[in-house]
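The next block is my_file.cif, given as mmCIF, C-alpha atoms.
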data_start
#
loop_
_atom_site.label_atom_id
_atom_site.label_comp_id
_atom_site.auth_asym_id
_atom_site.auth_seq_id
_atom_site.Cartn_x
_atom_site.Cartn_y
_atom_site.Cartn_z
CA MET M 1 0.00 0.00 0.00
CA LEU M 2 1.28 3.48 -0.87
CA SER M 3 1.84 6.12 1.78
CA SER M 4 -0.94 8.70 2.14
CA SER M 5 1.07 11.40 0.34
CA ALA M 6 2.26 9.14 -2.46
CA ALA M 7 -1.21 7.64 -2.96
CA HIS M 8 -2.74 10.94 -4.07
CA LEU M 9 -3.01 11.99 -7.72
CA GLU M 10 -2.77 15.75 -8.17
CA THR M 11 -5.50 17.14 -10.46
CA PRO M 12 -5.06 20.94 -10.63
CA GLU M 13 -7.02 21.32 -13.88
CA LEU M 14 -9.94 19.33 -12.46
CA ASP M 15 -9.84 21.35 -9.25
CA SER M 16 -10.02 24.67 -11.13
CA GLU M 17 -12.24 23.74 -14.08
CA GLY M 18 -14.49 21.19 -12.34
CA PRO M 19 -17.25 23.54 -11.14
CA THR M 20 -17.55 25.21 -14.55
CA LEU M 21 -17.61 21.84 -16.30
CA LEU M 22 -20.32 20.49 -13.98
CA HIS M 23 -22.42 23.59 -14.67
CA ALA M 24 -22.04 23.03 -18.43
CA ILE M 25 -23.04 19.37 -18.03
CA THR M 26 -26.13 20.44 -16.11
CA GLU M 27 -27.09 22.76 -18.97
CA HIS M 28 -26.90 19.71 -21.27
CA GLY M 29 -29.32 17.78 -19.07
CA GLY M 30 -26.67 15.75 -17.23
CA TYR M 31 -28.24 16.02 -13.78
CA ALA M 32 -27.63 12.36 -12.91
CA TYR M 33 -24.00 12.66 -13.98
CA VAL M 34 -23.45 15.76 -11.84
CA SER M 35 -24.96 14.02 -8.83
CA MET M 36 -22.69 10.99 -9.24
CA ALA M 37 -19.59 13.10 -10.01
CA THR M 38 -20.12 15.13 -6.83
CA LEU M 39 -20.23 11.93 -4.76
CA ALA M 40 -17.20 10.59 -6.65
CA ALA M 41 -15.18 13.69 -5.76
CA ALA M 42 -15.95 12.90 -2.11
CA GLY M 43 -14.49 9.41 -2.51
CA ASP M 44 -17.48 7.21 -3.42
CA PRO M 45 -16.16 4.49 -5.79
CA ARG M 46 -19.62 3.33 -6.94
CA ALA M 47 -20.61 6.87 -7.80
CA ALA M 48 -17.35 7.34 -9.74
CA GLU M 49 -18.04 4.27 -11.87
CA ALA M 50 -21.66 5.35 -12.34
CA ALA M 51 -20.55 8.79 -13.58
CA ARG M 52 -18.13 7.18 -16.02
CA GLU M 53 -20.86 4.86 -17.31
CA ILE M 54 -23.25 7.79 -17.83
CA ALA M 55 -20.62 9.70 -19.82
CA TRP M 56 -19.74 6.54 -21.78
CA GLU M 57 -23.37 6.15 -22.85
CA GLN M 58 -23.42 9.76 -24.07
CA LEU M 59 -20.26 9.15 -26.11
CA HIS M 60 -22.07 6.31 -27.89
CA SER M 61 -25.40 8.06 -28.37
CA GLY M 62 -24.70 8.77 -32.06
CA PRO M 63 -21.91 9.29 -34.63
CA TRP M 64 -18.67 10.36 -32.98
CA HIS M 65 -18.59 13.72 -34.76
CA SER M 66 -22.02 14.58 -33.33
CA VAL M 67 -21.08 13.99 -29.68
CA ASP M 68 -21.10 17.25 -27.74
CA PRO M 69 -17.56 18.07 -26.50
CA VAL M 70 -18.85 18.60 -22.96
CA TRP M 71 -19.52 14.86 -22.65
CA ARG M 72 -15.98 14.03 -23.71
CA ASP M 73 -14.72 16.30 -20.94
CA ALA M 74 -17.24 14.70 -18.57
CA TYR M 75 -15.78 11.30 -19.41
CA SER M 76 -12.26 12.60 -18.65
CA MET M 77 -13.46 13.90 -15.29
CA ALA M 78 -15.03 10.58 -14.36
CA CYS M 79 -11.89 8.69 -15.41
CA LEU M 80 -9.78 10.89 -13.14
CA HIS M 81 -12.11 10.20 -10.20
CA VAL M 82 -12.04 6.43 -10.83
CA ALA M 83 -8.28 6.33 -11.38
CA ARG M 84 -7.61 8.30 -8.22
CA LEU M 85 -9.56 5.77 -6.16
CA HIS M 86 -7.76 2.80 -7.77
CA PHE M 87 -4.39 4.46 -7.20
CA SER M 88 -5.13 5.09 -3.53
CA LYS M 89 -5.56 1.31 -3.14
CA SER M 90 -2.38 0.53 -5.11
CA GLU M 91 -4.43 -0.92 -7.99
CA LEU M 92 -1.95 0.44 -10.50
CA SER M 93 -2.95 -1.54 -13.59
CA GLU M 94 -6.59 -0.59 -13.14
CA ALA M 95 -5.68 3.08 -12.58
CA LEU M 96 -3.55 3.11 -15.73
CA ARG M 97 -6.27 1.42 -17.80
CA VAL M 98 -8.86 3.99 -16.76
CA LEU M 99 -6.51 6.91 -17.43
CA ASP M 100 -5.78 5.55 -20.91
CA MET M 101 -9.50 5.36 -21.59
CA GLY M 102 -9.69 9.03 -20.61
CA LEU M 103 -6.90 9.88 -23.03
CA ILE M 104 -8.43 7.87 -25.87
CA MET M 105 -12.08 8.82 -25.45
CA GLY M 106 -12.03 12.00 -23.37
CA GLY M 107 -11.81 15.66 -24.28
CA THR M 108 -8.99 18.20 -24.09
CA LEU M 109 -10.03 20.23 -21.03
CA LEU M 110 -8.44 17.89 -18.47
CA ARG M 111 -5.70 16.46 -20.70
CA LYS M 112 -2.85 17.81 -18.54
CA ASP M 113 -4.27 16.09 -15.46
CA LEU M 114 -4.59 12.80 -17.35
CA ASP M 115 -1.03 13.04 -18.66
CA SER M 116 0.49 13.88 -15.27
CA ALA M 117 -1.53 11.11 -13.59
CA VAL M 118 -0.28 8.58 -16.17
CA GLN M 119 3.30 9.67 -15.48
CA LYS M 120 2.89 9.23 -11.72
CA VAL M 121 1.13 5.86 -11.94
CA SER M 122 3.66 4.59 -14.50
CA ALA M 123 6.56 5.71 -12.32
CA VAL M 124 5.19 3.88 -9.29
CA ALA M 125 4.44 0.80 -11.38
CA GLY M 126 7.96 0.92 -12.83
CA ASP M 127 9.51 1.03 -9.37
CA ALA M 128 7.47 -2.02 -8.40
CA SER M 129 8.42 -3.98 -11.52
CA ARG M 130 12.14 -3.39 -11.09
CA VAL M 131 12.21 -5.66 -8.07
CA SER M 132 11.27 -8.65 -10.27
CA GLU M 133 13.88 -10.88 -11.87
CA PRO M 134 15.13 -9.70 -15.29
CA ARG M 135 14.64 -11.90 -18.33
CA ALA M 136 17.66 -14.11 -19.09
CA GLU M 137 17.47 -13.40 -22.81
CA ARG M 138 16.18 -10.37 -24.73
CA ASP M 139 13.16 -10.94 -26.95
CA VAL M 140 14.41 -9.33 -30.16
CA LEU M 141 12.52 -8.97 -33.41
CA ARG M 142 14.28 -11.10 -36.01
CA GLN M 143 14.22 -9.67 -39.50
CA VAL M 144 13.65 -12.10 -42.35
CA GLU M 145 15.25 -11.59 -45.75
CA LEU M 146 12.80 -11.08 -48.59
CA ASP M 147 12.49 -13.85 -51.15
CA GLU M 148 11.59 -12.03 -54.38
CA ALA M 149 9.53 -14.85 -55.87
CA GLU M 150 7.54 -15.36 -52.66
CA VAL M 151 6.88 -11.62 -52.31
CA LEU M 152 5.66 -11.25 -55.90
CA GLN M 153 3.36 -14.22 -55.42
CA SER M 154 1.75 -12.56 -52.40
CA LEU M 155 1.16 -9.23 -54.16
CA PRO M 156 -1.56 -8.21 -56.64
CA VAL M 157 -1.10 -8.81 -60.34
CA LYS M 158 1.37 -6.49 -62.13
CA SER M 159 3.03 -5.41 -58.87
CA LEU M 160 6.56 -4.01 -59.20
CA SER M 161 6.43 -4.44 -62.99
CA LEU M 162 5.58 -0.93 -64.19
CA LYS M 163 6.81 2.38 -62.74
CA ILE M 164 8.68 2.09 -59.43
CA VAL M 165 8.73 5.03 -57.01
CA VAL M 166 12.15 6.70 -57.29
CA LYS M 167 14.64 6.51 -54.38
CA ARG M 168 16.71 9.56 -53.42
CA PRO M 169 19.36 9.33 -50.67
CA GLY M 170 20.25 12.52 -48.85
CA LEU M 171 17.58 14.60 -50.58
CA SER M 172 17.85 18.30 -49.63
CA LEU M 173 14.81 20.26 -48.48
CA GLU M 174 15.12 22.49 -51.54
CA GLY M 175 15.31 19.49 -53.84
CA PHE M 176 12.34 17.86 -52.11
CA LEU M 177 10.24 20.99 -52.44
CA ARG M 178 11.20 21.75 -56.06
CA GLU M 179 11.31 18.25 -57.56
CA TYR M 180 8.58 16.42 -55.66
CA PHE M 181 6.36 18.44 -53.35
CA LEU M 182 5.31 21.18 -55.75
CA SER M 183 4.71 18.72 -58.58
CA GLY M 184 2.85 16.28 -56.34
CA SER M 185 5.21 13.39 -57.13
CA PRO M 186 6.06 10.48 -54.79
CA VAL M 187 9.62 9.83 -53.64
CA ILE M 188 11.41 7.47 -51.27
CA ILE M 189 13.97 9.33 -49.19
CA SER M 190 16.54 6.78 -48.09
CA ASP M 191 19.28 6.88 -45.43
CA SER M 192 17.52 9.55 -43.37
CA MET M 193 16.43 7.72 -40.21
CA ALA M 194 19.63 6.16 -38.90
CA HIS M 195 19.64 8.55 -35.91
CA TRP M 196 16.16 7.54 -34.73
CA PRO M 197 16.34 5.63 -31.40
CA ALA M 198 13.29 3.67 -32.57
CA ARG M 199 15.39 1.95 -35.24
CA THR M 200 17.04 -0.19 -32.56
CA LYS M 201 14.72 0.10 -29.57
CA TRP M 202 11.56 -1.03 -31.36
CA ASN M 203 13.16 -4.28 -32.46
CA ASP M 204 13.39 -5.19 -28.77
CA MET M 205 10.03 -6.60 -27.71
CA ASP M 206 11.06 -6.43 -24.04
CA TYR M 207 11.62 -2.68 -24.41
CA LEU M 208 8.16 -2.20 -25.93
CA ARG M 209 6.59 -4.22 -23.14
CA ARG M 210 8.49 -2.28 -20.49
CA VAL M 211 7.57 1.23 -21.68
CA ALA M 212 4.08 0.52 -23.02
CA GLY M 213 3.01 -2.98 -22.00
CA ASP M 214 0.35 -1.96 -19.46
CA ARG M 215 -1.10 0.81 -21.61
CA THR M 216 -4.52 0.34 -23.22
CA VAL M 217 -4.69 0.93 -26.98
CA PRO M 218 -7.41 0.64 -29.67
CA VAL M 219 -6.80 -2.07 -32.30
CA GLU M 220 -8.55 -3.30 -35.41
CA VAL M 221 -9.30 -7.01 -35.82
CA GLY M 222 -10.01 -8.46 -39.26
CA LYS M 223 -8.63 -8.21 -42.77
CA ASN M 224 -9.52 -4.50 -43.15
CA TYR M 225 -12.20 -1.97 -42.29
CA LEU M 226 -14.26 -2.77 -45.41
CA CYS M 227 -14.89 -6.38 -44.38
CA PRO M 228 -18.15 -7.19 -42.56
CA GLU M 229 -16.36 -9.19 -39.83
CA TRP M 230 -14.00 -6.29 -39.03
CA LYS M 231 -14.22 -4.93 -35.48
CA GLN M 232 -12.37 -2.77 -32.97
CA GLU M 233 -11.13 -3.72 -29.51
CA LEU M 234 -9.39 -2.10 -26.56
CA ILE M 235 -6.51 -4.22 -25.25
CA THR M 236 -3.20 -3.65 -23.48
CA PHE M 237 -0.09 -3.17 -25.57
CA SER M 238 1.36 -6.39 -24.11
CA GLN M 239 -1.70 -8.30 -25.31
CA PHE M 240 -1.28 -6.70 -28.73
CA LEU M 241 2.39 -7.75 -28.93
CA ALA M 242 1.47 -11.29 -27.91
CA ARG M 243 -1.02 -11.46 -30.77
CA ILE M 244 1.60 -10.23 -33.22
CA GLU M 245 4.14 -12.80 -32.06
CA ALA M 246 1.55 -15.56 -32.47
CA ASN M 247 0.33 -14.22 -35.82
CA ASP M 248 0.01 -16.54 -38.80
CA CYS M 249 0.22 -14.71 -42.12
CA SER M 250 -2.74 -16.76 -43.34
CA SER M 251 -4.89 -15.67 -40.40
CA ALA M 252 -8.25 -14.20 -41.40
CA ASP M 253 -8.32 -11.98 -38.29
CA PRO M 254 -5.00 -10.17 -37.86
CA THR M 255 -4.79 -7.51 -35.16
CA TYR M 256 -3.64 -4.08 -36.32
CA LEU M 257 -2.98 -0.84 -34.43
CA ALA M 258 -3.86 1.63 -37.17
CA GLN M 259 -3.86 5.43 -37.41
CA HIS M 260 -3.78 5.99 -33.67
CA PRO M 261 -2.15 9.07 -32.02
CA LEU M 262 0.01 6.71 -29.97
CA PHE M 263 2.76 9.25 -29.36
CA ASP M 264 0.37 11.71 -27.74
CA GLN M 265 -0.74 8.90 -25.46
CA ILE M 266 2.64 7.28 -24.66
CA SER M 267 5.35 9.93 -24.37
CA GLU M 268 8.16 7.37 -23.96
CA LEU M 269 7.63 6.17 -27.53
CA ARG M 270 7.45 9.75 -28.81
CA LYS M 271 11.02 10.27 -27.60
CA ASP M 272 12.18 7.48 -29.92
CA ILE M 273 11.24 9.27 -33.16
CA CYS M 274 12.05 12.57 -34.85
CA ILE M 275 9.80 14.77 -36.96
CA PRO M 276 11.43 14.95 -40.43
CA ASP M 277 12.22 18.47 -41.62
CA TYR M 278 10.50 17.54 -44.88
CA CYS M 279 7.19 17.93 -43.03
CA PHE M 280 7.75 21.68 -42.90
CA ALA M 281 9.12 22.27 -46.40
CA GLY M 282 7.43 25.33 -47.88
CA GLY M 283 5.65 26.31 -44.66
CA GLY M 284 2.50 24.86 -43.14
CA GLU M 285 2.14 22.85 -39.98
CA LEU M 286 1.96 19.26 -38.77
CA ARG M 287 -1.66 18.12 -38.89
CA SER M 288 -1.31 14.79 -37.07
CA LEU M 289 1.23 12.23 -35.91
CA ASN M 290 -0.07 8.66 -35.96
CA ALA M 291 1.26 5.14 -35.63
CA TRP M 292 0.57 1.89 -37.46
CA PHE M 293 1.78 -1.31 -35.79
CA GLY M 294 0.91 -4.63 -37.35
CA PRO M 295 2.03 -8.14 -38.30
CA ALA M 296 2.74 -9.46 -41.78
CA GLY M 297 -0.51 -9.72 -43.70
CA THR M 298 -2.19 -6.49 -42.60
CA VAL M 299 -3.81 -4.54 -45.42
CA THR M 300 -4.97 -0.95 -45.83
CA PRO M 301 -7.58 -0.80 -48.63
CA LEU M 302 -7.25 1.49 -51.63
CA HIS M 303 -8.11 4.98 -50.36
CA HIS M 304 -7.20 8.67 -50.40
CA ASP M 305 -6.44 11.05 -47.53
CA PRO M 306 -7.37 14.75 -47.11
CA HIS M 307 -3.77 15.94 -46.72
CA HIS M 308 -0.16 15.11 -47.54
CA ASN M 309 1.51 12.09 -45.94
CA ILE M 310 5.06 11.17 -45.01
CA LEU M 311 5.21 7.51 -44.06
CA ALA M 312 8.29 6.45 -42.07
CA GLN M 313 9.00 2.71 -41.97
CA VAL M 314 10.83 1.94 -38.73
CA ALA M 315 10.90 -1.87 -38.91
CA GLY M 316 9.75 -4.47 -41.41
CA LYS M 317 8.70 -3.82 -45.01
CA LYS M 318 5.52 -2.58 -46.66
CA TYR M 319 4.21 -2.69 -50.22
CA ILE M 320 2.66 0.62 -51.39
CA ARG M 321 0.69 1.29 -54.57
CA LEU M 322 -0.23 4.81 -55.78
CA TYR M 323 -2.77 5.77 -58.44
CA PRO M 324 -2.94 9.33 -59.87
CA ALA M 325 -5.84 11.63 -59.05
CA SER M 326 -7.06 11.73 -62.62
CA LEU M 327 -8.12 8.08 -62.33
CA SER M 328 -10.30 8.44 -59.24
CA GLU M 329 -13.58 7.58 -60.95
CA GLU M 330 -12.03 4.51 -62.59
CA LEU M 331 -11.20 3.23 -59.10
CA TYR M 332 -14.91 3.02 -58.21
CA PRO M 333 -15.08 4.91 -54.86
CA TYR M 334 -17.91 4.12 -52.47
CA THR M 335 -20.85 6.53 -52.56
CA GLU M 336 -21.60 6.24 -48.82
CA THR M 337 -20.44 9.27 -46.83
CA MET M 338 -18.39 7.27 -44.32
CA LEU M 339 -16.52 5.34 -47.05
CA LYS M 340 -16.35 7.82 -49.92
CA ASN M 341 -12.56 8.08 -49.59
CA SER M 342 -12.21 4.30 -50.15
CA SER M 343 -12.32 2.23 -53.34
CA GLN M 344 -14.61 -0.75 -53.81
CA VAL M 345 -11.79 -2.54 -55.64
CA ASP M 346 -10.00 -5.37 -53.83
CA LEU M 347 -6.72 -5.74 -55.71
CA ASP M 348 -6.04 -9.09 -54.02
CA ASN M 349 -9.25 -10.49 -55.50
CA MET M 350 -9.89 -8.47 -58.62
CA ASP M 351 -13.44 -8.61 -59.98
CA GLU M 352 -12.94 -7.53 -63.59
CA ILE M 353 -16.61 -7.94 -64.40
CA ARG M 354 -17.71 -5.37 -61.78
CA PHE M 355 -14.62 -3.17 -62.18
CA PRO M 356 -13.46 -3.53 -65.79
CA LYS M 357 -11.48 -0.28 -65.93
CA VAL M 358 -9.00 -1.10 -63.15
CA HIS M 359 -6.79 -3.73 -64.81
CA ASP M 360 -5.12 -1.35 -67.29
CA LEU M 361 -4.81 1.73 -65.06
CA GLU M 362 -1.39 3.30 -64.59
CA PHE M 363 0.17 3.35 -61.13
CA GLN M 364 3.45 3.60 -59.26
CA ASP M 365 4.47 1.22 -56.51
CA CYS M 366 7.34 0.18 -54.29
CA ILE M 367 8.38 -1.86 -51.28
CA LEU M 368 9.16 0.57 -48.49
CA GLU M 369 11.97 -0.81 -46.35
CA GLU M 370 12.84 0.25 -42.83
CA GLY M 371 14.66 3.53 -42.54
CA ARG M 372 13.11 5.17 -45.62
CA LYS M 373 10.32 7.71 -45.98
CA PRO M 374 8.09 8.06 -49.11
CA GLU M 375 6.11 11.22 -49.76
CA PRO M 376 3.05 10.13 -51.75
CA TRP M 377 1.34 12.42 -54.23
CA GLY M 378 -0.24 15.49 -52.64
CA GLU M 379 -3.97 15.85 -52.08
CA GLY M 380 -4.87 19.39 -51.18
CA SER M 381 -3.00 21.63 -48.76
CA ASP M 382 -2.16 25.23 -48.00
CA PHE M 383 -0.16 25.35 -51.24
CA SER M 384 -2.09 26.65 -54.23
CA ALA M 385 -0.35 24.24 -56.60
CA LEU M 386 -2.01 21.30 -54.80
CA THR M 387 -5.40 22.60 -53.74
CA SER M 388 -7.32 21.61 -56.87
CA PRO M 389 -9.57 18.54 -56.38
CA HIS M 390 -8.00 16.88 -59.41
CA HIS M 391 -4.83 16.33 -57.40
CA ARG M 392 -6.59 13.81 -55.14
CA HIS M 393 -5.35 10.25 -55.41
CA TYR M 394 -5.76 6.81 -53.96
CA ILE M 395 -3.07 5.18 -51.85
CA TRP M 396 -3.02 1.46 -51.28
CA ARG M 397 -0.72 -0.16 -48.75
CA THR M 398 -0.81 -3.92 -48.68
CA LYS M 399 0.75 -7.05 -47.29
CA ILE M 400 4.30 -8.38 -47.58
CA LYS M 401 4.57 -12.02 -46.57
CA VAL M 402 8.05 -12.16 -45.10
CA GLY M 403 7.83 -14.40 -42.06
CA ARG M 404 6.42 -14.69 -38.60
CA PHE M 405 8.30 -11.85 -36.95
CA SER M 406 8.68 -9.46 -39.85
CA PHE M 407 6.28 -6.63 -39.11
CA GLY M 408 6.33 -2.89 -38.72
CA PRO M 409 6.10 -1.90 -35.05
CA GLY M 410 6.30 1.79 -35.78
CA ASP M 411 5.08 2.46 -39.27
CA ILE M 412 4.67 6.16 -38.57
CA GLY M 413 2.39 8.35 -40.65
CA LEU M 414 3.30 12.02 -40.51
CA ASN M 415 0.35 13.81 -42.06
CA ARG M 416 1.08 17.34 -43.09
CA GLY M 417 -1.06 19.92 -44.78
#
Take the structure from the file and write it as structure tokens.
Amino acid sequence: MLSSSAAHLETPELDSEGPTLLHAITEHGGYAYVSMATLAAAGDPRAAEAAREIAWEQLHSGPWHSVDPVWRDAYSMACLHVARLHFSKSELSEALRVLDMGLIMGGTLLRKDLDSAVQKVSAVAGDASRVSEPRAERDVLRQVELDEAEVLQSLPVKSLSLKIVVKRPGLSLEGFLREYFLSGSPVIISDSMAHWPARTKWNDMDYLRRVAGDRTVPVEVGKNYLCPEWKQELITFSQFLARIEANDCSSADPTYLAQHPLFDQISELRKDICIPDYCFAGGGELRSLNAWFGPAGTVTPLHHDPHHNILAQVAGKKYIRLYPASLSEELYPYTETMLKNSSQVDLDNMDEIRFPKVHDLEFQDCILEEGRKPEPWGEGSDFSALTSPHHRHYIWRTKIKVGRFSFGPGDIGLNRG
């Protein structure tokens, strides 16, 4: 059991903003929530859980974009109350799980309190874990050499047979801007990530478990988000790594951590990467910093994004296919609002009767290896040369079957616009 002083989580933002937030929740009809949150602040564990459940129901009352921000902040508040009670009883794993839920699902008002609470709980948990016996042997990710024939067999027809994305080592910012960015052309920038700590640290599974193992993360389960059996789960990072290690490339239900702001959530991993200067070529700002972690066999369907992307491959290899914007209609995008940025075409199982135009379309592709960053064709940004809708394109990233442990734990998307 922690001492009385050490067992307390400081929540200065909650202390100062709490009354105003409760008033706002009342104005949104959250009388039951306010009643439970008031009891939770006084130390009632049942009331704390009840308040969190009320906020959770509001978060799932409709499409995510329609949820009123006050309920996201209400969920953060309830998570802080619940976590504080778990921490006071030395229930560190439970406290950390609840705080992660606040970071993933909550609002921005109490973000500083959530972050500082995670740091304190993690520090105490780390002190406790250091008394255990160390592992006799490091669990290191073993890279598997690519067999060209096997890779080609696992890729769609015509892969790596037409125009390959050009590779440029040591590309200057001026050269990047003039030759690629302004023209909206893709490029692989090689030999530019050797200084990233992630290049070595993220091959060590024990390191990943130590710094992030108890943290809760959202994952996707299934071939891809267009499949009817696809679903999302919340699991610990250790559970996720265990699934990856046990993954069979032929599995119909791979687990994939996709497009998640992991580095906002887990600051230790953020320290292992660097923001490439290419993200700021020509002005503008960083729109988002996301992570993709997955085993061999994970697939991202053919789709386009609303802004530029720099994709940094930290470990493993990934096949990428790029179609020009002028061919968007020939790629048969969905008409539904939620999927209109995705193509109906499955290049692994081409239906030439339904989609007769796809087979002869031009494209560029490549296998992105660890330590290189490709800048795909631009899709609309603050730059006038790329704001026209006709610059939109589809990007398809697909599977590379290279062995049990060959995966990309840190396939970092740096989206810039």
Query - Target residues per the PyMOL selection byres ((chain M and resi 238) around 10), formatted as a list in words - result: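 Residues picked by the PyMOL selection byres ((chain M and resi 238) around 10): Met205, Asp206, Leu208, Arg209, Arg210, Ala212, Gly213, Asp214, Arg215, Thr216, Val217, Ile235, Thr236, Phe237, Gln239, Phe240, Leu241, Ala242, Arg243 and Ile244 of chain M.
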Query raised in the report: Quick one: which residues end up in the PyMOL selection byres ((chain M and resi 83) around 8) for this structure, as a PyMOL selection string?
Result: chain M and resi 79-82+84-87+94-96+98-99
Report task. Rank nothing, just name the residue among M:Leu22, M:Val157, M:Leu110, M:Met338 nearest to Ser76 (chain M), using all atoms listed in the file. Result ->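 Smallest distance to Ser76 (chain M) is found for M:Leu110.
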Answer key for the PyMOL selection byres ((chain M and resi 363) around 12), residues as an mmCIF file with C-alpha atoms, in the frame of the given file:
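Result saved to selection_37.cif:
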data_model
loop_
_atom_site.group_PDB
_atom_site.id
_atom_site.type_symbol
_atom_site.label_atom_id
_atom_site.label_comp_id
_atom_site.auth_asym_id
_atom_site.auth_seq_id
_atom_site.Cartn_x
_atom_site.Cartn_y
_atom_site.Cartn_z
ATOM 1 C CA LYS M 158 1.370 -6.490 -62.130
ATOM 2 C CA SER M 159 3.030 -5.410 -58.870
ATOM 3 C CA LEU M 160 6.560 -4.010 -59.200
ATOM 4 C CA SER M 161 6.430 -4.440 -62.990
ATOM 5 C CA LEU M 162 5.580 -0.930 -64.190
ATOM 6 C CA LYS M 163 6.810 2.380 -62.740
ATOM 7 C CA ILE M 164 8.680 2.090 -59.430
ATOM 8 C CA VAL M 165 8.730 5.030 -57.010
ATOM 9 C CA SER M 185 5.210 13.390 -57.130
ATOM 10 C CA PRO M 186 6.060 10.480 -54.790
ATOM 11 C CA ILE M 320 2.660 0.620 -51.390
ATOM 12 C CA ARG M 321 0.690 1.290 -54.570
ATOM 13 C CA LEU M 322 -0.230 4.810 -55.780
ATOM 14 C CA TYR M 323 -2.770 5.770 -58.440
ATOM 15 C CA PRO M 324 -2.940 9.330 -59.870
ATOM 16 C CA ALA M 325 -5.840 11.630 -59.050
ATOM 17 C CA SER M 326 -7.060 11.730 -62.620
ATOM 18 C CA LEU M 327 -8.120 8.080 -62.330
ATOM 19 C CA SER M 328 -10.300 8.440 -59.240
ATOM 20 C CA LEU M 331 -11.200 3.230 -59.100
ATOM 21 C CA VAL M 358 -9.000 -1.100 -63.150
ATOM 22 C CA HIS M 359 -6.790 -3.730 -64.810
ATOM 23 C CA ASP M 360 -5.120 -1.350 -67.290
ATOM 24 C CA LEU M 361 -4.810 1.730 -65.060
ATOM 25 C CA GLU M 362 -1.390 3.300 -64.590
ATOM 26 C CA GLN M 364 3.450 3.600 -59.260
ATOM 27 C CA ASP M 365 4.470 1.220 -56.510
ATOM 28 C CA CYS M 366 7.340 0.180 -54.290
ATOM 29 C CA PRO M 376 3.050 10.130 -51.750
ATOM 30 C CA TRP M 377 1.340 12.420 -54.230
ATOM 31 C CA HIS M 393 -5.350 10.250 -55.410
ATOM 32 C CA TYR M 394 -5.760 6.810 -53.960
ATOM 33 C CA ILE M 395 -3.070 5.180 -51.850
ATOM 34 C CA TRP M 396 -3.020 1.460 -51.280
#
Report summary line: Computed gap from CA of Pro156 (chain M) to CA of Asp346 (chain M) is 9.3 Å
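In terms of minimum interatomic distance to Asn341 (chain M), M:Leu226 ranks closest within M:Cys279, M:Ser116, M:Leu226, M:Lys357, counting all atoms listed in the file.
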Rebuild region 168-177 of chain M to N, CA, C and O atoms - output it as a compact mmCIF listing (two decimals), in the frame of the given file, please.
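Contents of rebuild31.txt, freshly written:
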# COMPACT_ATOMS: atom_id res chain seq x y z
N ARG M 168 15.74 8.46 -53.45
CA ARG M 168 16.71 9.56 -53.42
C ARG M 168 17.39 9.62 -52.05
O ARG M 168 16.78 10.02 -51.07
N PRO M 169 18.64 9.20 -51.95
CA PRO M 169 19.36 9.33 -50.67
C PRO M 169 19.80 10.77 -50.45
O PRO M 169 20.18 11.48 -51.39
N GLY M 170 19.74 11.20 -49.21
CA GLY M 170 20.25 12.52 -48.85
C GLY M 170 19.59 13.65 -49.60
O GLY M 170 20.25 14.61 -49.98
N LEU M 171 18.29 13.58 -49.83
CA LEU M 171 17.58 14.60 -50.58
C LEU M 171 17.48 15.89 -49.76
O LEU M 171 17.02 15.88 -48.62
N SER M 172 17.90 17.02 -50.33
CA SER M 172 17.85 18.30 -49.63
C SER M 172 16.41 18.79 -49.54
O SER M 172 15.54 18.38 -50.33
N LEU M 173 16.14 19.68 -48.60
CA LEU M 173 14.81 20.26 -48.48
C LEU M 173 14.43 21.03 -49.75
O LEU M 173 13.28 20.96 -50.21
N GLU M 174 15.39 21.75 -50.31
CA GLU M 174 15.12 22.49 -51.54
C GLU M 174 14.79 21.55 -52.69
O GLU M 174 13.84 21.78 -53.44
N GLY M 175 15.57 20.46 -52.79
CA GLY M 175 15.31 19.49 -53.84
C GLY M 175 13.97 18.80 -53.66
O GLY M 175 13.24 18.55 -54.62
N PHE M 176 13.63 18.48 -52.41
CA PHE M 176 12.34 17.86 -52.11
C PHE M 176 11.19 18.76 -52.52
O PHE M 176 10.21 18.32 -53.14
N LEU M 177 11.30 20.03 -52.15
CA LEU M 177 10.24 20.99 -52.44
C LEU M 177 10.11 21.20 -53.95
O LEU M 177 9.00 21.15 -54.49
